[in-house]
Structure formats: C-alpha cells, structure tokens
Amino acid sequence: MNNPEPAQKSPLIYIIIINYNGFKWLDKCLRSLFETKYDNFEVILVDNDSHDESAAFVRENFPRVRVIVNADNLGFCEGNNVGIREAIENGAEYVVLLNNDTIVTENWLTEIVAVGESEPQVGVLGCVQLNYEGTGFNTFTTEEASEHLAELENPETARSWIPMRWVEGSCFAIKRHVIEEVGMLDPIYFMYYEEIDYCRRVAAHGYAIGLVPRSHIHHYRGGTSRIDSKAKRTRELMLHRNRLIYHMTDPCRVVIMNLGVYFLALGRECFGRLLRGRFTGAWELISMQPSIWRSSEEIFHKWKNDRSRFKTRRRASG
C-alpha cells in the first residue's frame, strides 16, 4: 500500500506594513489581516519614528507582529527596504507591501499566491482596490484600470490576472527571486512613484506586472499623507519632484533621450497649469528645479545602475 505524499506547504509570505503616525488605521488593518485565509504568512510592522504610540499599541495588542522601529523617518522606500531585508533573511518566498490604511478580505492573499505560483512570467502582483468603506472601486482602480472595469465587476469570469504597466504600492506582492534580481525600492524617491519605478525596472528585466481580479482590499488612499495641511503640501511637492526624476531615469533609454522626455514633461506640466490659471503652481514647479538638479549625481547613478542591470539581463537572455 502506497503512503500518500504529505501536502505541500504553502509558500512563506512576509507582509510588511510601513507606518508613520498611523495609529488610527492599525487596529482595523491588522484585525482583518489575521482573518486572512492563508496558512503561511508573517507580518512585520516597520515604524518610521512615529510619535503616536503606534509601535507600543501593536506590540501590546498584536504580539504575532514583528515590530521594527527606525530611529528616523526613512520614508516609504527605505522604510519598506528595512522590512524587505528582514523578510528575505528569514526565508520569504514572496514579500507583500501593504499600507496601514487598508482592510483586506479573507481570500486576498490566497488569490495573489495562486496566480504567482501558476504564472512564472509575472514578477509583481497587485489586487483590486475598493473604497475603504463600501464595495465600490476606489480611485486607483477606476483611473489606472479603467479599461478593465467591466471585467473587474465580474471577477469569477475574469482572467486570472490582467497585465498592467504598474500596480500601486498599497498592496504590492513581489517574488523573492525578482527582488534578488531587480533589487529593492529606490530611496531616491523617499515616497511616491517608487512602485511605478519598480514596476518599470521589473518589466525591463522581462517580467510582467499583474492585477489579480479575485483579490480585493479596501484602501483609503493617502491616510497618512493627508493628515494635515503640511503633509498634503509635502505630498504634492514630492509627487512633482519624483515624476520628473522618473522621466530622467528610464533604464531602457540613453541619457539624452531621458533628458528630452524630462523637459517635455516639465513644459507640458507648466503650460497646463498656466492654462488653468494656476500661476503659483507653475512657479512652484519651476522653482523646485534647482533642488532636483542638485541631486543630478544621485539621479545619474540610479540610471546607470538600472541601465547596467537591464543590459546584463538582455545579454543573458540572448
């Protein structure tokens, strides 16, 4: 009589939650997370020097969570990288970045892993985002996946995954070997555009980016970055700065082409603001240029590194 083979263990998933003064979101986020119907995951909370007792609250109420407290606010990128390094060192087969202003559904992770395991060409996976309260799609889904809304409204008959240019960092699943090949998030961005940049780098290495129609989370969007007028202002400036850096660092193009795209994007943005009567906004965009160009050495170094990885991969693939 043949003995049945033991059931294969599910891939080990490390979920990383970056937190900066996000106390108000953590209870709902973590409670939903531990109702996830997946049998092999760990959670790391990386706290970016919060001042609202976030870390103490999590330690007391969610002892299963590994809490890492940074001495300074390292931003979304390097803060998450701290967690990614910890996850990789502990054998993670997938790393999932999850925002604190989210509430996950029971099967969100099971559906992501099912696609990841069956589709080796997909390197990064994201989920369908719903409003924080309610069942309607949030603005990420309606704007970035607008051409797929009819399909997303009927997830049971939808494709298992939908190719995307990028998926949002609020729920961002990366395969271990992709991290080892492509690297981690680039701290040059601090926050915003880092996931778009990462998806571009992943695509340059020959992997696809996938949206999983049967994986759902509720996401408030901007729960931490819009807590007050100063945070909102910082958010707007970082978005503009990083958009321009993104244009300058495409690894698939040479420097002169990237500069051309950069100046074209800058001109369009300024002209659009002037047409809308936003003269102050146009001036702010122009006035931030010196600070961007002071980072030119760092920007060039990023492009050079990404370009080198891209060319090495292209040679290896023949």
# chains A, B, ... in the order shown; residues from 1 in each chain; ligands from 1

call {"tool": "residues_around", "arguments": {"residues": "Arg309 of chain A", "least_positions_apart": "3", "cutoff": "10 Å", "atoms": "only C-alpha atoms", "output": "short mmCIF file (atom, residue, chain, number, x, y, z; two decimals) with C-alpha atoms, in the first residue's frame"}}
result
data_model
loop_
_atom_site.label_atom_id
_atom_site.label_comp_id
_atom_site.auth_asym_id
_atom_site.auth_seq_id
_atom_site.Cartn_x
_atom_site.Cartn_y
_atom_site.Cartn_z
CA GLU A 181 17.47 40.06 -9.49
CA VAL A 182 15.99 43.57 -9.67
CA GLY A 183 16.84 44.91 -6.21
CA ARG A 201 12.57 48.03 -13.63
CA ALA A 204 12.92 45.86 -18.10
CA HIS A 205 14.07 42.52 -16.69
CA PRO A 251 16.89 52.34 -17.98
CA TRP A 303 20.05 55.48 -14.11
CA LYS A 304 23.49 53.95 -14.57
CA ASN A 305 22.80 51.13 -12.08
CA ASP A 306 19.38 50.35 -13.54
CA THR A 312 23.15 42.48 -18.28
CA ARG A 313 19.76 40.82 -18.31
CA ARG A 314 19.31 41.49 -22.03
#

call {"tool": "residues_around", "arguments": {"residues": "Thr135 of chain A", "least_positions_apart": "3", "cutoff": "10 Å", "atoms": "only C-alpha atoms", "output": "list in words"}}
result
Gln129, Leu130, Asn131, Tyr132, Asn138, His216, Ile217 and His218 of chain A

call {"tool": "write_last_selection", "arguments": {"atoms": "C-alpha atoms", "output": "PDB file, in the first residue's frame"}}
result
ATOM      1  CA  GLN A 129      -8.869  48.153  -4.636  1.00  0.00           C
ATOM      2  CA  LEU A 130     -12.251  49.042  -3.211  1.00  0.00           C
ATOM      3  CA  ASN A 131     -13.277  52.117  -1.234  1.00  0.00           C
ATOM      4  CA  TYR A 132     -12.276  51.976   2.433  1.00  0.00           C
ATOM      5  CA  ASN A 138     -11.591  53.319  -5.332  1.00  0.00           C
ATOM      6  CA  HIS A 216      -9.649  42.561  -3.116  1.00  0.00           C
ATOM      7  CA  ILE A 217      -8.683  45.043  -0.434  1.00  0.00           C
ATOM      8  CA  HIS A 218     -10.346  48.196   0.882  1.00  0.00           C
TER       9      HIS A 218
END

call {"tool": "residues_around", "arguments": {"residues": "Ala203 of chain A", "least_positions_apart": "5", "cutoff": "10 Å", "atoms": "only C-alpha atoms", "output": "number ranges by chain"}}
result
A: 122-124, 165-166, 182, 197-198, 208-209, 310

call {"tool": "write_last_selection", "arguments": {"atoms": "N, CA and C atoms", "output": "PDB file, in the first residue's frame"}}
result
ATOM      1  N   VAL A 122       5.119  36.393 -14.288  1.00  0.00           N
ATOM      2  CA  VAL A 122       4.627  37.554 -13.535  1.00  0.00           C
ATOM      3  C   VAL A 122       5.536  37.778 -12.333  1.00  0.00           C
ATOM      4  N   GLY A 123       6.129  38.971 -12.256  1.00  0.00           N
ATOM      5  CA  GLY A 123       7.074  39.261 -11.183  1.00  0.00           C
ATOM      6  C   GLY A 123       6.489  40.039 -10.026  1.00  0.00           C
ATOM      7  N   VAL A 124       5.504  40.907 -10.322  1.00  0.00           N
ATOM      8  CA  VAL A 124       4.847  41.731  -9.296  1.00  0.00           C
ATOM      9  C   VAL A 124       3.345  41.603  -9.470  1.00  0.00           C
ATOM     10  N   ARG A 165       0.741  48.179 -16.524  1.00  0.00           N
ATOM     11  CA  ARG A 165       2.028  48.871 -16.546  1.00  0.00           C
ATOM     12  C   ARG A 165       2.594  48.953 -15.143  1.00  0.00           C
ATOM     13  N   TRP A 166       1.712  49.168 -14.150  1.00  0.00           N
ATOM     14  CA  TRP A 166       2.129  49.203 -12.758  1.00  0.00           C
ATOM     15  C   TRP A 166       0.937  48.934 -11.861  1.00  0.00           C
ATOM     16  N   VAL A 182      16.268  42.169  -9.348  1.00  0.00           N
ATOM     17  CA  VAL A 182      15.991  43.571  -9.670  1.00  0.00           C
ATOM     18  C   VAL A 182      16.473  44.517  -8.575  1.00  0.00           C
ATOM     19  N   ASP A 197       8.302  53.180 -10.579  1.00  0.00           N
ATOM     20  CA  ASP A 197       9.692  52.953 -10.952  1.00  0.00           C
ATOM     21  C   ASP A 197      10.042  51.475 -10.835  1.00  0.00           C
ATOM     22  N   TYR A 198       9.630  50.850  -9.745  1.00  0.00           N
ATOM     23  CA  TYR A 198       9.977  49.443  -9.531  1.00  0.00           C
ATOM     24  C   TYR A 198       9.346  48.554 -10.603  1.00  0.00           C
ATOM     25  N   ALA A 208       6.356  40.341 -16.156  1.00  0.00           N
ATOM     26  CA  ALA A 208       5.079  41.037 -16.301  1.00  0.00           C
ATOM     27  C   ALA A 208       4.602  41.548 -14.946  1.00  0.00           C
ATOM     28  N   ILE A 209       3.734  42.551 -14.992  1.00  0.00           N
ATOM     29  CA  ILE A 209       3.073  43.101 -13.812  1.00  0.00           C
ATOM     30  C   ILE A 209       1.610  42.690 -13.905  1.00  0.00           C
ATOM     31  N   PHE A 310      19.745  46.209 -16.589  1.00  0.00           N
ATOM     32  CA  PHE A 310      18.915  45.957 -17.767  1.00  0.00           C
ATOM     33  C   PHE A 310      19.752  45.352 -18.898  1.00  0.00           C
TER      34      PHE A 310
END

call {"tool": "closest_residue", "arguments": {"among": "A:Glu195, A:Glu119, A:Thr141, A:Val202", "to": "Trp161 of chain A", "atoms": "only C-alpha atoms"}}
result
A:Glu119

call {"tool": "residues_around", "arguments": {"residues": "Ile18 of chain A", "least_positions_apart": "4", "cutoff": "12 Å", "atoms": "only C-alpha atoms", "output": "number ranges by chain"}}
result
A: 22-23, 25-26, 29, 43-50, 54-55, 67-70, 73-84, 96-102, 169-171, 191, 224

call {"tool": "write_last_selection", "arguments": {"atoms": "N, CA and C atoms", "output": "CSV table (one decimal), in the first residue's frame"}}
result
chain,number,residue,atom,x,y,z
A,22,GLY,N,0.4,56.4,12.1
A,22,GLY,CA,-0.8,55.8,11.5
A,22,GLY,C,-1.6,55.0,12.5
A,23,PHE,N,-1.6,55.4,13.8
A,23,PHE,CA,-2.2,54.7,14.9
A,23,PHE,C,-3.7,54.4,14.5
A,25,TRP,N,-5.3,53.7,12.0
A,25,TRP,CA,-5.6,52.7,10.9
A,25,TRP,C,-5.2,51.3,11.4
A,26,LEU,N,-4.3,51.2,12.3
A,26,LEU,CA,-3.7,49.9,12.6
A,26,LEU,C,-4.6,48.8,13.1
A,29,CYS,N,-6.7,47.4,10.2
A,29,CYS,CA,-5.8,46.7,9.3
A,29,CYS,C,-5.3,45.4,9.8
A,43,VAL,N,4.0,38.8,9.6
A,43,VAL,CA,3.8,40.2,9.5
A,43,VAL,C,4.9,41.0,10.2
A,44,ILE,N,5.4,42.0,9.4
A,44,ILE,CA,6.4,42.9,10.0
A,44,ILE,C,5.8,44.3,9.9
A,45,LEU,N,5.8,45.0,11.1
A,45,LEU,CA,5.4,46.5,11.1
A,45,LEU,C,6.7,47.2,11.2
A,46,VAL,N,7.0,48.1,10.2
A,46,VAL,CA,8.2,48.9,10.2
A,46,VAL,C,7.7,50.3,10.6
A,47,ASP,N,8.1,50.8,11.7
A,47,ASP,CA,7.6,52.1,12.2
A,47,ASP,C,8.7,53.2,12.0
A,48,ASN,N,8.3,54.2,11.2
A,48,ASN,CA,9.2,55.3,10.9
A,48,ASN,C,9.3,56.4,11.9
A,49,ASP,N,9.7,56.1,13.1
A,49,ASP,CA,9.8,57.1,14.2
A,49,ASP,C,8.5,57.8,14.4
A,50,SER,N,7.4,57.1,14.6
A,50,SER,CA,6.1,57.7,14.9
A,50,SER,C,6.1,58.3,16.3
A,54,SER,N,2.1,54.2,18.1
A,54,SER,CA,1.8,53.1,17.1
A,54,SER,C,2.5,51.8,17.5
A,55,ALA,N,3.8,51.9,17.7
A,55,ALA,CA,4.5,50.7,17.9
A,55,ALA,C,4.1,50.0,19.2
A,67,VAL,N,7.8,43.9,15.2
A,67,VAL,CA,7.8,45.4,15.1
A,67,VAL,C,9.3,45.8,15.1
A,68,ILE,N,9.6,46.6,14.0
A,68,ILE,CA,10.9,47.2,13.9
A,68,ILE,C,10.7,48.7,13.9
A,69,VAL,N,11.4,49.4,14.8
A,69,VAL,CA,11.2,50.9,14.9
A,69,VAL,C,12.5,51.5,14.4
A,70,ASN,N,12.4,52.3,13.4
A,70,ASN,CA,13.5,53.1,12.9
A,70,ASN,C,13.8,54.3,13.7
A,73,ASN,N,12.5,58.9,10.3
A,73,ASN,CA,11.6,58.6,9.3
A,73,ASN,C,12.3,58.4,8.0
A,74,LEU,N,12.4,57.1,7.6
A,74,LEU,CA,13.2,56.8,6.4
A,74,LEU,C,12.4,56.8,5.1
A,75,GLY,N,11.1,57.2,5.3
A,75,GLY,CA,10.3,57.3,4.1
A,75,GLY,C,9.7,55.9,3.7
A,76,PHE,N,8.8,55.9,2.7
A,76,PHE,CA,8.2,54.7,2.2
A,76,PHE,C,9.2,53.7,1.7
A,77,CYS,N,10.2,54.2,0.9
A,77,CYS,CA,11.1,53.3,0.2
A,77,CYS,C,12.1,52.6,1.1
A,78,GLU,N,12.9,53.4,1.8
A,78,GLU,CA,13.9,52.8,2.7
A,78,GLU,C,13.3,52.1,3.9
A,79,GLY,N,12.2,52.7,4.4
A,79,GLY,CA,11.4,52.0,5.4
A,79,GLY,C,11.0,50.6,5.1
A,80,ASN,N,10.4,50.5,3.9
A,80,ASN,CA,10.0,49.2,3.4
A,80,ASN,C,11.2,48.3,3.1
A,81,ASN,N,12.3,48.9,2.7
A,81,ASN,CA,13.5,48.1,2.4
A,81,ASN,C,14.0,47.4,3.7
A,82,VAL,N,13.9,48.1,4.8
A,82,VAL,CA,14.3,47.5,6.1
A,82,VAL,C,13.5,46.2,6.3
A,83,GLY,N,12.2,46.3,6.0
A,83,GLY,CA,11.3,45.1,6.2
A,83,GLY,C,11.6,44.0,5.2
A,84,ILE,N,11.9,44.5,3.9
A,84,ILE,CA,12.2,43.5,2.9
A,84,ILE,C,13.5,42.7,3.2
A,96,VAL,N,5.1,41.0,0.5
A,96,VAL,CA,3.9,41.9,0.2
A,96,VAL,C,4.0,43.1,1.0
A,97,LEU,N,4.1,44.3,0.3
A,97,LEU,CA,4.0,45.6,0.9
A,97,LEU,C,2.5,45.9,1.0
A,98,LEU,N,2.1,46.3,2.2
A,98,LEU,CA,0.7,46.6,2.5
A,98,LEU,C,0.6,47.9,3.3
A,99,ASN,N,-0.2,48.8,2.8
A,99,ASN,CA,-0.4,50.1,3.5
A,99,ASN,C,-1.2,49.9,4.8
A,100,ASN,N,-1.0,50.8,5.7
A,100,ASN,CA,-1.7,50.7,7.0
A,100,ASN,C,-3.2,51.1,6.9
A,101,ASP,N,-3.5,51.9,5.9
A,101,ASP,CA,-4.9,52.4,5.7
A,101,ASP,C,-5.7,51.4,4.8
A,102,THR,N,-5.5,50.2,5.0
A,102,THR,CA,-6.2,49.1,4.2
A,102,THR,C,-6.9,48.2,5.1
A,169,GLY,N,1.6,50.6,-4.7
A,169,GLY,CA,2.4,50.1,-3.6
A,169,GLY,C,1.6,49.8,-2.3
A,170,SER,N,0.3,50.2,-2.3
A,170,SER,CA,-0.5,49.9,-1.2
A,170,SER,C,-0.8,48.4,-1.0
A,171,CYS,N,-0.7,47.6,-2.0
A,171,CYS,CA,-0.7,46.2,-2.0
A,171,CYS,C,0.2,45.7,-3.1
A,191,MET,N,9.2,58.8,-1.1
A,191,MET,CA,7.8,58.3,-1.2
A,191,MET,C,7.2,58.9,-2.5
A,224,THR,N,-2.2,58.5,5.6
A,224,THR,CA,-1.1,59.1,6.4
A,224,THR,C,-0.7,60.4,5.8

call {"tool": "select_by_dssp", "arguments": {"residues": "segment 64-162 of chain A", "states": "alpha helix (DSSP H)", "output": "MDAnalysis selection string"}}
result
chainID A and resid 75:89 108:118 139:144 149:152

call {"tool": "closest_atom_pairs", "arguments": {"of": "segment 283-313 of chain A", "to": "segment 262-272 of chain A", "cutoff": "9 Å", "atoms": "only C-alpha atoms", "output": "Markdown table"}}
result
| residue | atom | partner | partner_atom | distance |
| --- | --- | --- | --- | --- |
| A:Trp283 | CA | A:Cys270 | CA | 8.0 |
| A:Leu285 | CA | A:Cys270 | CA | 7.0 |
| A:Ile286 | CA | A:Cys270 | CA | 7.8 |

call {"tool": "write_last_selection", "arguments": {"atoms": "C-alpha atoms", "output": "mmCIF file, in the first residue's frame"}}
result
data_model
loop_
_atom_site.group_PDB
_atom_site.id
_atom_site.type_symbol
_atom_site.label_atom_id
_atom_site.label_comp_id
_atom_site.auth_asym_id
_atom_site.auth_seq_id
_atom_site.Cartn_x
_atom_site.Cartn_y
_atom_site.Cartn_z
ATOM 1 C CA TRP A 283 6.078 78.913 -10.494
ATOM 2 C CA LEU A 285 7.199 73.666 -10.347
ATOM 3 C CA ILE A 286 9.883 75.851 -11.908
#

call {"tool": "residues_around", "arguments": {"residues": "segment 143-150 of chain A", "least_positions_apart": "3", "cutoff": "12 Å", "atoms": "only C-alpha atoms", "output": "list in words"}}
result
Gly126, Cys127, Val128, Gln129, Gly136, Phe137, Asn138, Thr139, Phe140, Glu153, Asn154, Pro155, Thr157, Ala158, Arg159, Trp161, Ile162, Pro163, Met164, Arg165, Trp166, Val167, Glu168, Ile196, Gly210, Leu211, Val212 and Pro213 of chain A
